[in-house]
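Peer 1: Here it is, the structure, as structure tokens.
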Amino acid sequence: MNLFILTGAGISAESGLGTFRDREGLWRRFDPMRLATPEAFAADPDEVHAFYNLRRQGVVAARPNAAHEALARLESELAARGDDLFLCTQNVDDLHERAGSGSVTHMHGKILKSRCTACLDTRENRDDLVTEEPCPACRRTGTLRPDIVWFGEMPMHLDRIGAALDRADLFVAIGTSGAVYPAAGFVAQARRNGIRTLELNLEPSDNAGSFDDADYGPAGTIVPAFVNDICRRGAQK
Ligand code: OAD
């Protein structure tokens with residue numbers, strides 16, 4: 001079995017990290033065009049840094065929940081029986097890794113990394129970013145930003161993701177609203193490839209009609225149940 005799993009902000013909600021489009025979501029309270037675009041960063045880097053510094057602090061303080069842990073267990077169970085899991089996340093947090101997932105593709109980048117817009121140096125960074133801080137590599141100031149994807153920018157690793165989707169025989173989307181492309185289009189690609197598609201979410205997403213099957217509830221409950229089901233079926237093979 002080649003399993004492709006796409007995760008979104010909903011999987012980290014029970015770890016205390018806010019989602020974007022739920023009633024109290026970040027993009028209901030803040031304008032993403034003023035905070036999450038290259039133009040916003042050019043216009044007011046201090047405001048953009050202040051927003052992402054708070055989010056970074058939240059990620060550092062958060063702990064993985066039962067859904068992250070279940071996916072880490074699934075990775076090792078599948079590997080033990082010669083099957084494969086491609087875990088693709090839109091999340092910029094590191095909760096999958098801290099739960100024990102060994103291979104995670106971050107299509108929207110990582111908030112715990114910085115990138116220099118001048119020399120393109122990237123490195124681990126858990127600290128606040130400020131405009132006056134020089135790039136540790138080229139020493140220019142005003143060039144450091146979070147190594148994440150903003151609106152209007154190309155998501156990362158799309159070739160690898162497309163290839164994994166094309167060899168998958170089951171596609172599962174967890175905790176994502178289906179509002180942001182290209183990730184929102186993965187279910188359509190999976191369907192074109194003729195594979196089964198499953199949505200695990202708190203409530204039906206924008207894309208709900210495109211999935212063959214669905215289970216609705218908090219990720220911390222329904223993801224472990226899904227993983228138990230896959231593992232039980234494997235044991236019966
Ligand atoms: P959204 O906030 O758009 O959607 C989160 C989804 O998670 C919603 O469908 C919720 O119903 C669901 N949800 C909330 N709590 C949940 C829980 N406890 N268990 C299961 N599901 C739950 O977040 P994304 O779809 O991840 O991009 O958003 C996609 C992208 O838009 C993000 O990666 C971000 C944002 O702009 C960038 O930052 C580049």
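In the structure tokens, chains take letters A, B, ... by order of appearance, with residues numbered from 1 within each chain and ligands from 1 in the order shown.
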To check your reading of the model: which residues sit at most 7 Å from ligand 1 when counting only C-alpha atoms and all ligand atoms? Write the answer as number ranges by chain.

Peer 2: A: 7-11, 13-14, 19-22, 25, 90-91, 108, 148-151, 174-180, 200-205, 217-220

Peer 1: Let's have the selection written as a PDB file, in the first residue's frame, with C-alpha atoms.

Peer 2:
ATOM      1  CA  THR A   7      -2.582  17.394   6.899  1.00  0.00           C
ATOM      2  CA  GLY A   8      -3.714  20.932   7.667  1.00  0.00           C
ATOM      3  CA  ALA A   9      -4.159  23.220  10.627  1.00  0.00           C
ATOM      4  CA  GLY A  10      -6.991  21.114  12.085  1.00  0.00           C
ATOM      5  CA  ILE A  11      -4.560  18.370  13.133  1.00  0.00           C
ATOM      6  CA  ALA A  13      -5.853  22.512  16.770  1.00  0.00           C
ATOM      7  CA  GLU A  14      -6.001  20.260  19.844  1.00  0.00           C
ATOM      8  CA  THR A  19      -6.520  27.274  12.568  1.00  0.00           C
ATOM      9  CA  PHE A  20      -7.044  29.865   9.823  1.00  0.00           C
ATOM     10  CA  ARG A  21     -10.647  29.742   8.706  1.00  0.00           C
ATOM     11  CA  ASP A  22     -12.672  28.443  11.660  1.00  0.00           C
ATOM     12  CA  GLY A  25      -9.388  31.383  12.991  1.00  0.00           C
ATOM     13  CA  GLN A  90       0.560  22.389   4.989  1.00  0.00           C
ATOM     14  CA  ASN A  91       1.486  23.158   8.590  1.00  0.00           C
ATOM     15  CA  HIS A 108       4.314  25.575   3.148  1.00  0.00           C
ATOM     16  CA  ILE A 148       7.488  29.701   4.981  1.00  0.00           C
ATOM     17  CA  VAL A 149       5.305  30.123   1.910  1.00  0.00           C
ATOM     18  CA  TRP A 150       3.205  33.279   1.690  1.00  0.00           C
ATOM     19  CA  PHE A 151       0.244  34.005  -0.583  1.00  0.00           C
ATOM     20  CA  ILE A 174      -6.863  15.472   7.650  1.00  0.00           C
ATOM     21  CA  GLY A 175      -7.876  18.790   9.228  1.00  0.00           C
ATOM     22  CA  THR A 176      -7.807  20.972   6.140  1.00  0.00           C
ATOM     23  CA  SER A 177     -10.561  23.220   4.817  1.00  0.00           C
ATOM     24  CA  GLY A 178      -9.765  22.637   1.139  1.00  0.00           C
ATOM     25  CA  ALA A 179      -9.604  26.388   0.552  1.00  0.00           C
ATOM     26  CA  VAL A 180      -5.970  26.804  -0.511  1.00  0.00           C
ATOM     27  CA  LEU A 200     -10.992  13.182   8.269  1.00  0.00           C
ATOM     28  CA  ASN A 201     -12.094  16.563   9.584  1.00  0.00           C
ATOM     29  CA  LEU A 202     -14.077  18.251  12.311  1.00  0.00           C
ATOM     30  CA  GLU A 203     -16.812  19.050   9.803  1.00  0.00           C
ATOM     31  CA  PRO A 204     -17.299  18.741   6.034  1.00  0.00           C
ATOM     32  CA  SER A 205     -14.640  20.810   4.235  1.00  0.00           C
ATOM     33  CA  GLY A 217     -14.873  14.624  14.651  1.00  0.00           C
ATOM     34  CA  PRO A 218     -11.812  15.960  16.492  1.00  0.00           C
ATOM     35  CA  ALA A 219      -8.552  14.745  14.932  1.00  0.00           C
ATOM     36  CA  GLY A 220      -7.328  13.498  18.333  1.00  0.00           C
TER      37      GLY A 220
END

Peer 1: Can you tell me, as an MDAnalysis selection string, which residues in stretch 14-148 of chain A count as alpha helix (DSSP H) by DSSP?

Peer 2: chainID A and resid 26:29 32:35 38:43 45:61 66:80 95:99

Peer 1: Find the residues around stretch 103-106 of chain A up to 6 Å (only C-alpha atoms counted), leave out those fewer than 3 positions away in its own chain, and share them as a compact mmCIF listing (two decimals) with N, CA and C atoms, in the first residue's frame.

Peer 2:
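Okay, this is what ended up in result.txt:
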# COMPACT_ATOMS: atom_id res chain seq x y z
N LEU A 87 3.80 11.55 4.04
CA LEU A 87 3.10 12.52 4.89
C LEU A 87 3.45 13.93 4.42
N CYS A 88 2.43 14.60 3.90
CA CYS A 88 2.60 15.95 3.36
C CYS A 88 1.79 16.90 4.24
N THR A 89 2.43 17.91 4.77
CA THR A 89 1.68 18.83 5.62
C THR A 89 1.72 20.26 5.08
N GLY A 109 6.55 25.21 4.07
CA GLY A 109 7.75 25.60 4.80
C GLY A 109 7.65 25.35 6.29

Peer 1: Mind checking DSSP for stretch 1-235 of chain A and telling me the strand (DSSP E or B) residues as a PyMOL selection string?

Peer 2: chain A and resi 2-7+84-89+104-106+109-116+122-124+134+141+144-148+170-174+196-201+213-216

Peer 1: Using only C-alpha atoms, can you tell me which of A:Asn53, A:Asn125, A:Asn2, A:Ser12 comes closest to A:Leu85?

Peer 2: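 Among A:Asn53, A:Asn125, A:Asn2, A:Ser12, it is A:Asn2 that comes nearest to A:Leu85.
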
Peer 1: Could you tell me how far atom CA of A:Pro146 sits from atom CA of A:Ala62, in Å to one decimal place?

Peer 2: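 Atom-to-atom, atom CA of A:Ala62 to atom CA of A:Pro146, that is 18.4 Å.
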
Peer 1: Can you tell me how far atom CA of A:Pro136 sits from atom CA of A:Val60, in Å to one decimal?

Peer 2: 21.6 Å

Peer 1: Just the residues within 9 Å of A:Ser114, please, counting only C-alpha atoms, with nothing from its chain fewer than 4 positions along; format it as an NGL selection string.

Peer 2: :A and (110 or 121-126 or 129 or 144-148)

Peer 1: Can you write out the residues you just picked, keeping N, CA and C atoms, as a PDB file, in the first residue's frame?

Peer 2:
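Output file part04.pdb is given in full below:
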ATOM      1  N   LYS A 110       8.623  25.907   7.016  1.00  0.00           N
ATOM      2  CA  LYS A 110       8.752  25.653   8.459  1.00  0.00           C
ATOM      3  C   LYS A 110       8.963  26.970   9.175  1.00  0.00           C
ATOM      4  N   ASP A 121      20.426  31.952   2.415  1.00  0.00           N
ATOM      5  CA  ASP A 121      20.816  31.060   3.515  1.00  0.00           C
ATOM      6  C   ASP A 121      19.563  30.692   4.318  1.00  0.00           C
ATOM      7  N   THR A 122      19.416  29.407   4.621  1.00  0.00           N
ATOM      8  CA  THR A 122      18.337  28.991   5.523  1.00  0.00           C
ATOM      9  C   THR A 122      18.963  28.281   6.709  1.00  0.00           C
ATOM     10  N   ARG A 123      18.382  28.445   7.873  1.00  0.00           N
ATOM     11  CA  ARG A 123      18.888  27.737   9.055  1.00  0.00           C
ATOM     12  C   ARG A 123      17.803  27.630  10.119  1.00  0.00           C
ATOM     13  N   GLU A 124      18.016  26.655  11.041  1.00  0.00           N
ATOM     14  CA  GLU A 124      17.072  26.482  12.151  1.00  0.00           C
ATOM     15  C   GLU A 124      17.019  27.774  12.956  1.00  0.00           C
ATOM     16  N   ASN A 125      15.841  28.179  13.364  1.00  0.00           N
ATOM     17  CA  ASN A 125      15.718  29.377  14.201  1.00  0.00           C
ATOM     18  C   ASN A 125      14.460  29.290  15.055  1.00  0.00           C
ATOM     19  N   ARG A 126      14.656  29.269  16.376  1.00  0.00           N
ATOM     20  CA  ARG A 126      13.520  29.217  17.296  1.00  0.00           C
ATOM     21  C   ARG A 126      13.270  30.577  17.938  1.00  0.00           C
ATOM     22  N   LEU A 129      12.386  36.942  15.181  1.00  0.00           N
ATOM     23  CA  LEU A 129      13.147  37.636  14.129  1.00  0.00           C
ATOM     24  C   LEU A 129      12.837  39.132  14.248  1.00  0.00           C
ATOM     25  N   LEU A 144      16.136  38.929   6.790  1.00  0.00           N
ATOM     26  CA  LEU A 144      15.690  37.649   7.376  1.00  0.00           C
ATOM     27  C   LEU A 144      14.173  37.580   7.432  1.00  0.00           C
ATOM     28  N   ARG A 145      13.639  36.429   7.064  1.00  0.00           N
ATOM     29  CA  ARG A 145      12.187  36.191   7.121  1.00  0.00           C
ATOM     30  C   ARG A 145      11.962  34.738   7.518  1.00  0.00           C
ATOM     31  N   PRO A 146      10.751  34.393   7.944  1.00  0.00           N
ATOM     32  CA  PRO A 146      10.477  32.972   8.210  1.00  0.00           C
ATOM     33  C   PRO A 146      10.551  32.183   6.895  1.00  0.00           C
ATOM     34  N   ASP A 147      11.037  30.947   6.977  1.00  0.00           N
ATOM     35  CA  ASP A 147      11.165  30.118   5.769  1.00  0.00           C
ATOM     36  C   ASP A 147       9.835  29.415   5.491  1.00  0.00           C
ATOM     37  N   ILE A 148       8.828  30.227   5.250  1.00  0.00           N
ATOM     38  CA  ILE A 148       7.488  29.701   4.981  1.00  0.00           C
ATOM     39  C   ILE A 148       6.981  30.270   3.658  1.00  0.00           C
TER      40      ILE A 148
END

Peer 1: Counting only C-alpha atoms, which residue out of A:Cys116, A:Ala183, A:Met156, A:Val48 sits closest to A:Glu133?

Peer 2: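 Nearest candidate to A:Glu133 out of A:Cys116, A:Ala183, A:Met156, A:Val48: A:Cys116.
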
Peer 1: Suppose you want the space between atom CA of A:Thr117 and atom CA of A:Phe41; what is it in Å?

Peer 2: 11.1 Å

Peer 1: Counting only C-alpha atoms, which of A:Glu153, A:Asp159, A:Glu24, A:Ala173 gets nearest to A:Ala36?

Peer 2: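 Using only C-alpha atoms, A:Ala36 sits closest to A:Glu153.
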
Peer 1: Neighbouring residues of stretch 163-171 of chain A were defined as those with any atom within 8 Å, considering only C-alpha atoms; residues of the same chain fewer than 4 positions away were excluded. Please report them as a compact mmCIF listing (two decimals) with N, CA, C and O atoms, in the first residue's frame.

Peer 2:
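This is the output file selection37.txt:
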# COMPACT_ATOMS: atom_id res chain seq x y z
N MET A 1 0.84 -1.20 0.00
CA MET A 1 0.00 0.00 0.00
C MET A 1 0.89 1.25 0.00
O MET A 1 1.87 1.33 0.74
N ASN A 2 0.54 2.21 -0.86
CA ASN A 2 1.18 3.52 -0.82
C ASN A 2 0.13 4.52 -0.36
O ASN A 2 -0.80 4.84 -1.10
N LEU A 3 0.30 5.00 0.84
CA LEU A 3 -0.68 5.89 1.46
C LEU A 3 -0.17 7.32 1.41
O LEU A 3 0.98 7.58 1.79
N PHE A 4 -0.99 8.23 0.89
CA PHE A 4 -0.64 9.65 0.85
C PHE A 4 -1.54 10.37 1.85
O PHE A 4 -2.77 10.32 1.72
N ILE A 5 -0.95 11.03 2.83
CA ILE A 5 -1.74 11.79 3.81
C ILE A 5 -1.37 13.27 3.71
O ILE A 5 -0.18 13.63 3.74
N LEU A 6 -2.40 14.09 3.59
CA LEU A 6 -2.25 15.55 3.59
C LEU A 6 -2.82 16.07 4.91
O LEU A 6 -3.98 15.77 5.23
N PHE A 86 3.46 8.57 2.67
CA PHE A 86 3.99 9.89 2.30
C PHE A 86 3.16 10.90 3.08
O PHE A 86 1.96 11.05 2.83
N ASP A 159 7.23 18.81 -7.04
CA ASP A 159 7.55 17.65 -7.90
C ASP A 159 7.47 16.36 -7.10
O ASP A 159 6.85 15.38 -7.54
N PHE A 186 -5.46 18.31 -4.56
CA PHE A 186 -4.88 16.95 -4.53
C PHE A 186 -5.97 15.89 -4.61
O PHE A 186 -5.78 14.83 -5.20
N VAL A 187 -7.12 16.15 -3.98
CA VAL A 187 -8.18 15.12 -4.00
C VAL A 187 -8.67 14.90 -5.43
O VAL A 187 -8.95 13.76 -5.83
N GLN A 189 -6.84 15.25 -8.13
CA GLN A 189 -5.81 14.47 -8.81
C GLN A 189 -5.90 13.00 -8.40
O GLN A 189 -5.79 12.09 -9.23
N ALA A 190 -6.15 12.76 -7.12
CA ALA A 190 -6.28 11.39 -6.63
C ALA A 190 -7.45 10.69 -7.32
O ALA A 190 -7.37 9.53 -7.73
N ASN A 193 -6.71 9.69 -10.73
CA ASN A 193 -5.86 8.49 -10.73
C ASN A 193 -6.65 7.24 -10.33
O ASN A 193 -6.10 6.14 -10.29
N ILE A 195 -7.98 6.40 -7.36
CA ILE A 195 -7.73 5.81 -6.04
C ILE A 195 -8.79 6.27 -5.04
O ILE A 195 -9.48 7.26 -5.26
N ARG A 196 -8.90 5.53 -3.92
CA ARG A 196 -9.88 5.87 -2.89
C ARG A 196 -9.45 7.13 -2.15
O ARG A 196 -8.24 7.34 -1.93
N THR A 197 -10.42 7.95 -1.80
CA THR A 197 -10.12 9.20 -1.10
C THR A 197 -10.96 9.27 0.18
O THR A 197 -12.14 8.91 0.19
N LEU A 198 -10.32 9.75 1.25
CA LEU A 198 -10.97 9.79 2.56
C LEU A 198 -10.70 11.13 3.21
O LEU A 198 -9.56 11.60 3.24

Peer 1: Which one is closest to A:Ile111: A:Arg55, A:Leu95, A:Ala137, A:Ala66? Count only C-alpha atoms.

Peer 2: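 Ranking A:Arg55, A:Leu95, A:Ala137, A:Ala66 by distance to A:Ile111, first place goes to A:Arg55.
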
Peer 1: Fewer than 3 positions away in the same chain doesn't count, so skip those; otherwise give me all residues within 12 Å of A:Glu132, counting only C-alpha atoms, as a ChimeraX atom specification.

Peer 2: /A:45-46,49,128-129,135,139-145

Peer 1: Please write the residues from the selection above to a file, keeping N, CA, C and O atoms, as a PDB file, in the first residue's frame.

Peer 2:
ATOM      1  N   PRO A  45       7.858  45.231   7.531  1.00  0.00           N
ATOM      2  CA  PRO A  45       8.471  44.002   8.062  1.00  0.00           C
ATOM      3  C   PRO A  45       8.269  43.843   9.572  1.00  0.00           C
ATOM      4  O   PRO A  45       8.125  42.713  10.044  1.00  0.00           O
ATOM      5  N   ASP A  46       8.223  44.954  10.308  1.00  0.00           N
ATOM      6  CA  ASP A  46       8.065  44.829  11.766  1.00  0.00           C
ATOM      7  C   ASP A  46       6.712  44.204  12.120  1.00  0.00           C
ATOM      8  O   ASP A  46       6.619  43.354  13.007  1.00  0.00           O
ATOM      9  N   HIS A  49       6.899  40.498  11.217  1.00  0.00           N
ATOM     10  CA  HIS A  49       7.708  39.771  12.201  1.00  0.00           C
ATOM     11  C   HIS A  49       6.940  39.598  13.514  1.00  0.00           C
ATOM     12  O   HIS A  49       6.979  38.523  14.116  1.00  0.00           O
ATOM     13  N   ASP A 128      12.763  34.936  18.128  1.00  0.00           N
ATOM     14  CA  ASP A 128      12.076  36.007  17.405  1.00  0.00           C
ATOM     15  C   ASP A 128      12.987  36.552  16.306  1.00  0.00           C
ATOM     16  O   ASP A 128      14.210  36.624  16.489  1.00  0.00           O
ATOM     17  N   LEU A 129      12.386  36.942  15.181  1.00  0.00           N
ATOM     18  CA  LEU A 129      13.147  37.636  14.129  1.00  0.00           C
ATOM     19  C   LEU A 129      12.837  39.132  14.248  1.00  0.00           C
ATOM     20  O   LEU A 129      11.684  39.512  14.455  1.00  0.00           O
ATOM     21  N   CYS A 135      21.728  38.976   8.837  1.00  0.00           N
ATOM     22  CA  CYS A 135      21.764  37.569   8.414  1.00  0.00           C
ATOM     23  C   CYS A 135      23.068  36.961   8.927  1.00  0.00           C
ATOM     24  O   CYS A 135      24.135  37.541   8.723  1.00  0.00           O
ATOM     25  N   ARG A 139      25.469  38.887   6.643  1.00  0.00           N
ATOM     26  CA  ARG A 139      25.549  40.066   7.515  1.00  0.00           C
ATOM     27  C   ARG A 139      24.684  41.234   7.050  1.00  0.00           C
ATOM     28  O   ARG A 139      24.761  42.320   7.612  1.00  0.00           O
ATOM     29  N   ARG A 140      23.894  41.050   5.997  1.00  0.00           N
ATOM     30  CA  ARG A 140      22.988  42.151   5.630  1.00  0.00           C
ATOM     31  C   ARG A 140      21.843  42.222   6.635  1.00  0.00           C
ATOM     32  O   ARG A 140      21.464  41.196   7.214  1.00  0.00           O
ATOM     33  N   THR A 141      21.270  43.401   6.799  1.00  0.00           N
ATOM     34  CA  THR A 141      20.138  43.534   7.717  1.00  0.00           C
ATOM     35  C   THR A 141      18.851  43.742   6.925  1.00  0.00           C
ATOM     36  O   THR A 141      18.880  44.189   5.770  1.00  0.00           O
ATOM     37  N   GLY A 142      17.747  43.377   7.574  1.00  0.00           N
ATOM     38  CA  GLY A 142      16.433  43.572   6.960  1.00  0.00           C
ATOM     39  C   GLY A 142      16.072  42.487   5.952  1.00  0.00           C
ATOM     40  O   GLY A 142      15.093  42.627   5.218  1.00  0.00           O
ATOM     41  N   THR A 143      16.864  41.421   5.906  1.00  0.00           N
ATOM     42  CA  THR A 143      16.644  40.395   4.881  1.00  0.00           C
ATOM     43  C   THR A 143      16.115  39.081   5.458  1.00  0.00           C
ATOM     44  O   THR A 143      15.701  38.212   4.698  1.00  0.00           O
ATOM     45  N   LEU A 144      16.136  38.929   6.790  1.00  0.00           N
ATOM     46  CA  LEU A 144      15.690  37.649   7.376  1.00  0.00           C
ATOM     47  C   LEU A 144      14.173  37.580   7.432  1.00  0.00           C
ATOM     48  O   LEU A 144      13.508  38.544   7.827  1.00  0.00           O
ATOM     49  N   ARG A 145      13.639  36.429   7.064  1.00  0.00           N
ATOM     50  CA  ARG A 145      12.187  36.191   7.121  1.00  0.00           C
ATOM     51  C   ARG A 145      11.962  34.738   7.518  1.00  0.00           C
ATOM     52  O   ARG A 145      12.882  33.915   7.418  1.00  0.00           O
TER      53      ARG A 145
END
